[in-house]
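Student: Can you read through this structure? Questions will come right after.
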Amino acid sequence: TQSTWDIYCKMEPMPVFVKKWQTIYPAYLNSKLTVQQGRRVPKGIAVEAPLCEEIAEVGKFLKLDCVIEDKAYPRDFSQRGRVKVLLKNDDRVFVHAEIHTKKQLLKKLCEYIPKLKSRVAKDLLATATTPQPAKQSSKKKKKHQE
């Protein structure tokens, strides 16, 4: 089976109308990166290793038009992929009632990405397979009193 990433990577170049949409790189939301490396949200709400597919999935959930592009992040060319999101339609009217700026969009993405089924399943699997540390005995040695 092909993943959505494979399908999007094989697409033709994006139409011109997508050019003016907001660009979201996964690095903007990554809690492992510093601000100098490209993180744009506070570390407290940032997400660990977000994927383009997750960003697009949350965008679709929020009823925003999203397109995944196979482009490199300018600060780190090894990171491939970005998501284009439509915030305003051609009439300059906001598509979503609560999201008017890129910063608001980034905060919403950070709020919803950890709640995705794929994330929750990974967290449950990781905690189930991680061995718990053995408990140390709580017996204390008594001091000899003479």
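Residue names in the structure tokens use chain letters A, B, ... in the order shown, residue numbers from 1 in each chain, and ligand numbers from 1 in the order shown.
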List every residue of range 20-94 of chain A that DSSP, applied to the backbone of this structure, places in alpha helix (DSSP H), and write the result as a list in words.
Tutor: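 Secondary structure check on range 20-94 of chain A, alpha helix (DSSP H): Cys52, Glu53, Glu54, Ile55, Ala56, Glu57, Val58, Gly59, Lys60 and Phe61 of chain A.
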Student: Save the residues we just selected, N, CA, C and O atoms, as a compact mmCIF listing (two decimals), in the first residue's frame?
Tutor:
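Done, and the output landed in again_38.txt:
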# COMPACT_ATOMS: atom_id res chain seq x y z
N CYS A 52 4.54 15.94 8.42
CA CYS A 52 3.69 16.69 7.49
C CYS A 52 2.29 16.08 7.44
O CYS A 52 1.30 16.81 7.38
N GLU A 53 2.23 14.75 7.45
CA GLU A 53 0.93 14.07 7.38
C GLU A 53 0.07 14.41 8.58
O GLU A 53 -1.14 14.58 8.45
N GLU A 54 0.69 14.53 9.76
CA GLU A 54 -0.06 14.88 10.97
C GLU A 54 -0.57 16.30 10.89
O GLU A 54 -1.72 16.58 11.27
N ILE A 55 0.26 17.20 10.40
CA ILE A 55 -0.16 18.60 10.25
C ILE A 55 -1.33 18.69 9.28
O ILE A 55 -2.33 19.36 9.55
N ALA A 56 -1.23 17.99 8.15
CA ALA A 56 -2.31 18.00 7.16
C ALA A 56 -3.58 17.36 7.72
O ALA A 56 -4.69 17.84 7.46
N GLU A 57 -3.43 16.29 8.50
CA GLU A 57 -4.59 15.62 9.09
C GLU A 57 -5.34 16.54 10.05
O GLU A 57 -6.57 16.62 10.02
N VAL A 58 -4.60 17.27 10.87
CA VAL A 58 -5.23 18.23 11.79
C VAL A 58 -5.86 19.37 10.99
O VAL A 58 -6.95 19.83 11.31
N GLY A 59 -5.19 19.81 9.94
CA GLY A 59 -5.76 20.86 9.08
C GLY A 59 -7.08 20.44 8.47
O GLY A 59 -8.04 21.20 8.45
N LYS A 60 -7.14 19.21 7.99
CA LYS A 60 -8.40 18.69 7.43
C LYS A 60 -9.48 18.60 8.51
O LYS A 60 -10.64 18.90 8.27
N PHE A 61 -9.08 18.19 9.73
CA PHE A 61 -10.02 18.12 10.84
C PHE A 61 -10.60 19.51 11.16
O PHE A 61 -11.79 19.63 11.46
Student: Can you list, as a PyMOL selection string, every protein, DNA or RNA residue that comes within 10 Å of Pro114 in chain A when you count only C-alpha atoms, leaving out same-chain residues fewer than 2 positions away?
Tutor: chain A and resi 46-48+50+54+109-112+116-120+123
Student: Go ahead and save the residues from that selection, with all heavy atoms, as a short mmCIF file (atom, residue, chain, number, x, y, z; two decimals), in the first residue's frame.
Tutor:
data_model
loop_
_atom_site.label_atom_id
_atom_site.label_comp_id
_atom_site.auth_asym_id
_atom_site.auth_seq_id
_atom_site.Cartn_x
_atom_site.Cartn_y
_atom_site.Cartn_z
N ALA A 46 5.02 22.84 22.27
CA ALA A 46 5.56 22.22 21.05
C ALA A 46 5.39 20.70 21.08
O ALA A 46 5.21 20.11 22.14
CB ALA A 46 7.03 22.59 20.90
N VAL A 47 5.46 20.08 19.91
CA VAL A 47 5.22 18.65 19.73
C VAL A 47 6.54 17.98 19.35
O VAL A 47 7.34 18.55 18.62
CB VAL A 47 4.19 18.43 18.60
CG1 VAL A 47 3.92 16.97 18.39
CG2 VAL A 47 2.92 19.18 18.89
N GLU A 48 6.74 16.76 19.86
CA GLU A 48 7.97 16.04 19.53
C GLU A 48 7.87 15.41 18.15
O GLU A 48 6.97 14.63 17.88
CB GLU A 48 8.25 14.97 20.57
CG GLU A 48 9.58 14.28 20.36
CD GLU A 48 9.92 13.31 21.47
OE1 GLU A 48 9.34 13.41 22.56
OE2 GLU A 48 10.76 12.43 21.23
N PRO A 50 6.96 16.33 14.86
CA PRO A 50 5.72 16.30 14.07
C PRO A 50 6.00 15.94 12.61
O PRO A 50 7.10 16.18 12.11
CB PRO A 50 5.20 17.74 14.19
CG PRO A 50 6.42 18.55 14.41
CD PRO A 50 7.36 17.68 15.20
N GLU A 54 0.69 14.53 9.76
CA GLU A 54 -0.06 14.88 10.97
C GLU A 54 -0.57 16.30 10.89
O GLU A 54 -1.72 16.58 11.27
CB GLU A 54 0.83 14.70 12.21
CG GLU A 54 1.21 13.27 12.49
CD GLU A 54 2.22 13.13 13.61
OE1 GLU A 54 3.02 14.05 13.84
OE2 GLU A 54 2.21 12.06 14.24
N LEU A 109 -2.47 23.53 15.93
CA LEU A 109 -1.79 22.30 15.50
C LEU A 109 -1.11 21.62 16.68
O LEU A 109 -1.22 20.39 16.84
CB LEU A 109 -0.78 22.62 14.40
CG LEU A 109 -1.34 23.04 13.05
CD1 LEU A 109 -0.23 23.54 12.14
CD2 LEU A 109 -2.10 21.91 12.39
N CYS A 110 -0.45 22.41 17.52
CA CYS A 110 0.22 21.84 18.70
C CYS A 110 -0.79 21.26 19.69
O CYS A 110 -0.48 20.32 20.41
CB CYS A 110 1.06 22.91 19.40
SG CYS A 110 2.54 23.33 18.50
N GLU A 111 -1.97 21.81 19.71
CA GLU A 111 -3.02 21.32 20.60
C GLU A 111 -3.57 19.97 20.13
O GLU A 111 -3.80 19.06 20.93
CB GLU A 111 -4.15 22.35 20.68
CG GLU A 111 -5.31 21.95 21.55
CD GLU A 111 -6.43 22.99 21.51
OE1 GLU A 111 -6.17 24.16 21.17
OE2 GLU A 111 -7.57 22.59 21.80
N TYR A 112 -3.77 19.82 18.82
CA TYR A 112 -4.44 18.64 18.28
C TYR A 112 -3.52 17.49 17.87
O TYR A 112 -3.95 16.34 17.87
CB TYR A 112 -5.33 19.03 17.09
CG TYR A 112 -6.59 19.72 17.51
CD1 TYR A 112 -6.75 21.09 17.34
CD2 TYR A 112 -7.64 19.01 18.07
CE1 TYR A 112 -7.91 21.73 17.71
CE2 TYR A 112 -8.81 19.64 18.45
CZ TYR A 112 -8.95 21.00 18.27
OH TYR A 112 -10.09 21.64 18.66
N LEU A 116 -3.97 12.88 18.12
CA LEU A 116 -4.20 12.01 16.96
C LEU A 116 -4.12 10.54 17.36
O LEU A 116 -3.33 10.17 18.24
CB LEU A 116 -3.18 12.30 15.86
CG LEU A 116 -3.30 13.63 15.15
CD1 LEU A 116 -2.13 13.83 14.21
CD2 LEU A 116 -4.60 13.71 14.39
N LYS A 117 -4.92 9.71 16.70
CA LYS A 117 -4.91 8.27 17.00
C LYS A 117 -3.53 7.67 16.81
O LYS A 117 -3.10 6.83 17.60
CB LYS A 117 -5.92 7.54 16.11
CG LYS A 117 -7.34 7.79 16.48
CD LYS A 117 -8.27 6.99 15.60
CE LYS A 117 -9.71 7.27 15.97
NZ LYS A 117 -10.65 6.52 15.12
N SER A 118 -2.83 8.09 15.78
CA SER A 118 -1.49 7.55 15.52
C SER A 118 -0.54 7.89 16.66
O SER A 118 0.30 7.07 17.04
CB SER A 118 -0.95 8.08 14.20
OG SER A 118 -0.90 9.49 14.23
N ARG A 119 -0.65 9.07 17.23
CA ARG A 119 0.20 9.48 18.36
C ARG A 119 -0.16 8.73 19.63
O ARG A 119 0.71 8.26 20.34
CB ARG A 119 0.06 10.99 18.62
CG ARG A 119 0.73 11.86 17.64
CD ARG A 119 2.18 11.99 17.99
NE ARG A 119 2.86 12.75 16.96
CZ ARG A 119 3.90 13.51 17.19
NH1 ARG A 119 4.39 13.62 18.39
NH2 ARG A 119 4.48 14.14 16.21
N VAL A 120 -1.45 8.62 19.90
CA VAL A 120 -1.90 7.93 21.11
C VAL A 120 -1.50 6.47 21.06
O VAL A 120 -1.02 5.90 22.04
CB VAL A 120 -3.43 8.09 21.28
CG1 VAL A 120 -3.94 7.26 22.45
CG2 VAL A 120 -3.79 9.56 21.48
N ASP A 123 2.21 6.13 21.78
CA ASP A 123 2.50 6.34 23.20
C ASP A 123 2.13 5.11 24.02
O ASP A 123 2.87 4.69 24.92
CB ASP A 123 1.77 7.57 23.73
CG ASP A 123 2.32 8.86 23.15
OD1 ASP A 123 3.45 8.84 22.61
OD2 ASP A 123 1.62 9.89 23.22
#
Student: Sorted by chain and rising residue number, which residues of range 41-143 of chain A lie within 6 Å of range 18-28 of chain A, and what are their closest atom pairs and distances in Å to one decimal, counting only C-alpha atoms, as a Markdown table?
Tutor:
| residue | atom | partner | partner_atom | distance |
| --- | --- | --- | --- | --- |
| A:Pro50 | CA | A:Pro26 | CA | 5.6 |
| A:Arg82 | CA | A:Tyr25 | CA | 4.7 |
| A:Val83 | CA | A:Ile24 | CA | 5.1 |
| A:Lys84 | CA | A:Thr23 | CA | 4.6 |
| A:Val85 | CA | A:Gln22 | CA | 5.1 |
| A:Leu86 | CA | A:Trp21 | CA | 5.0 |
Student: Could you tell me which of A:Asp76, A:Arg40, A:Ser31, A:Cys66 comes closest to Lys103 in chain A if we count only C-alpha atoms?
Tutor: A:Arg40
Student: Interatomic distance between CA of Glu69 in chain A and CA of Gly81 in chain A?
Tutor: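 Straight-line distance from CA of Glu69 in chain A to CA of Gly81 in chain A works out to 5.6 Å.
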Student: Could you work out how far CA of Val35 in chain A lies from CA of Phe94 in chain A, giving the answer in Å with one decimal?
Tutor: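 Taking CA of Phe94 in chain A and CA of Val35 in chain A, their separation equals 28.2 Å.
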Student: What separation in Å, quoted to one decimal, exists between CA of Leu106 in chain A and CA of Gln79 in chain A?
Tutor: 18.4 Å
Student: Which of these residues is nearest to Arg80 in chain A, using only C-alpha atoms: A:Lys63, A:Ile68, A:Arg92, A:Ile99?
Tutor: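 Smallest separation from Arg80 in chain A among the options: A:Ile68.
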